[in-house]
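Chemist: Encoded as structure tokens, here's the structure I'll be asking about.
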Amino acid sequence: MSVDMEGVSGLTDPEEMRAGGRGYDRGCELMTGDANAAVRGSFVAGADEVVVTDAHGSTKNIRADLIDERCTLIRGPYRPLRMGQGIGPSHDAAMFVGYHARAGVPHGVLNHTWMGYEIQNMYLNGEICGEIRLIAGLAGSMGVPVALVTGDEAACAEARELLGDVETVAVKKGIDRYSAELLSPGRAQSLIGEAAARALRSLDRLRPYEVPAPYTLGIDWASTSMAESCAMIPGVKRAGARSVEFTSDDYTEIMAVLGILATIGGSVGCTGAQYG
């Protein structure tokens, strides 16, 4: 279960998702609440094991003291699979909780792709790619289908367009990037729990999202300097004035190199404004 924060119930303000920001502590509690709802639903449906990974920012947001005691929690940065750390071939399903729409999607609450403003667009084998597609592809490369996606309406629509008849829970409806019409967290979490249980009870209808190898990750950066710096990495090629590409037969390498590219791009171009 990969848990991001922008699509968590009750949240609309970047300050609520940034350590030290106004409302951040409460944001962490709400993030933990949405995760716990999906964990509860999973065990109601008969899950034997649930692994939760904190997939937002510092990756130290979920309250370890409040997480459901039946699951295990992955937290902390610099892991090879980034947002997808913990997914493995032994798992029957993946769930994405608190996810958001990719950069540029109308009415997507806090819409972005991987970074706040540095990455303008990302592509997977030539297809425009947000975090839903990226992590679904990682799971699919291991034979694991996505069973549930929760977030704002735009994220849920993106998931259904990509994955077909996947269970989704829209916990808010975007008005603009920083405003939304919200379900109450209590109501949202009830729906998340119900959907998680429903999804796992019908695993036979799920199919992994499989991207054919070799895998090519493309990134359009916000500036030429970001692309120039990233292109110095062996195996990374310039694909345009602000664009780079990396190709591998191993999807885990795609995730690892993306983490390195994001670190370099952020250090070159970051202004301190996380959402631009």
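Ligands are numbered from 1 in the order shown, chains are lettered A, B, ... in the order of the structure tokens, and residues start at 1 in each chain.
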Give me, as a list of chain:residue names, the residues of stretch 158-189 of chain A that a backbone DSSP run labels strand (DSSP E).
Modeler: A:Glu167, A:Thr168, A:Val169, A:Ala170, A:Val171, A:Lys172, A:Lys173, A:Gly174, A:Ile175, A:Asp176, A:Ser179, A:Ala180, A:Glu181, A:Leu182
Chemist: Using DSSP secondary structure from the backbone, list all helix (DSSP H, G or I) positions within stretch 29-150 of chain A, as JSON, numbers by chain.
Modeler: {"A": [29, 30, 31, 32, 33, 34, 35, 36, 37, 38, 39, 40, 41, 42, 43, 44, 82, 83, 84, 131, 132, 133, 134, 135, 136, 137, 138, 139, 140, 141]}
Chemist: Restricting the calculation to only C-alpha atoms, which member of A:Ile264, A:Met142, A:Val8, A:Ala239 is positioned closest to A:His100?
Modeler: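 Nearest candidate to A:His100 out of A:Ile264, A:Met142, A:Val8, A:Ala239: A:Val8.
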Chemist: From the set A:Glu153, A:Asp249, A:Glu118, A:Glu194, which residue has the shortest atom-to-atom contact distance to A:Leu261, counting only C-alpha atoms?
Modeler: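 Among the listed residues, A:Glu118 lies closest to A:Leu261.
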Chemist: Pick from A:Ala180, A:Leu66, A:Val171, A:Ile260: nearest to A:Gly7, with only C-alpha atoms counted?
Modeler: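 For A:Gly7, the nearest of the candidates is A:Val171.
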Chemist: Fewer than 2 positions away in the same chain doesn't count, so skip those; otherwise give me all residues within 10 Å of A:Ala64, counting only C-alpha atoms, as a PDB file with C-alpha atoms, in the first residue's frame.
Modeler:
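Saved to out_2.pdb:
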```
ATOM      1  CA  THR A  32      -2.531   7.991   8.767  1.00  0.00           C
ATOM      2  CA  LYS A  60       8.363  10.416   7.370  1.00  0.00           C
ATOM      3  CA  ASN A  61       4.765  11.636   7.559  1.00  0.00           C
ATOM      4  CA  ILE A  62       2.619   8.665   8.595  1.00  0.00           C
ATOM      5  CA  LEU A  66      -1.127   5.637  15.186  1.00  0.00           C
ATOM      6  CA  ILE A  67      -0.799   3.197  12.291  1.00  0.00           C
ATOM      7  CA  ASP A  68      -2.863  -0.001  12.479  1.00  0.00           C
ATOM      8  CA  GLU A  69      -0.814  -2.464  14.532  1.00  0.00           C
ATOM      9  CA  THR A  72       4.128  -3.013   8.838  1.00  0.00           C
ATOM     10  CA  LEU A  73       5.285   0.492   7.870  1.00  0.00           C
ATOM     11  CA  ILE A  74       8.112   1.517   5.548  1.00  0.00           C
ATOM     12  CA  ARG A  75       9.328   5.061   6.213  1.00  0.00           C
TER      13      ARG A  75
END
```
Chemist: For A:Gly164, which of A:Tyr215, A:Tyr78, A:Tyr209, A:Trp221 is the closest residue, counting only C-alpha atoms?
Modeler: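 Checking each candidate against A:Gly164, we get A:Tyr209 as the closest.
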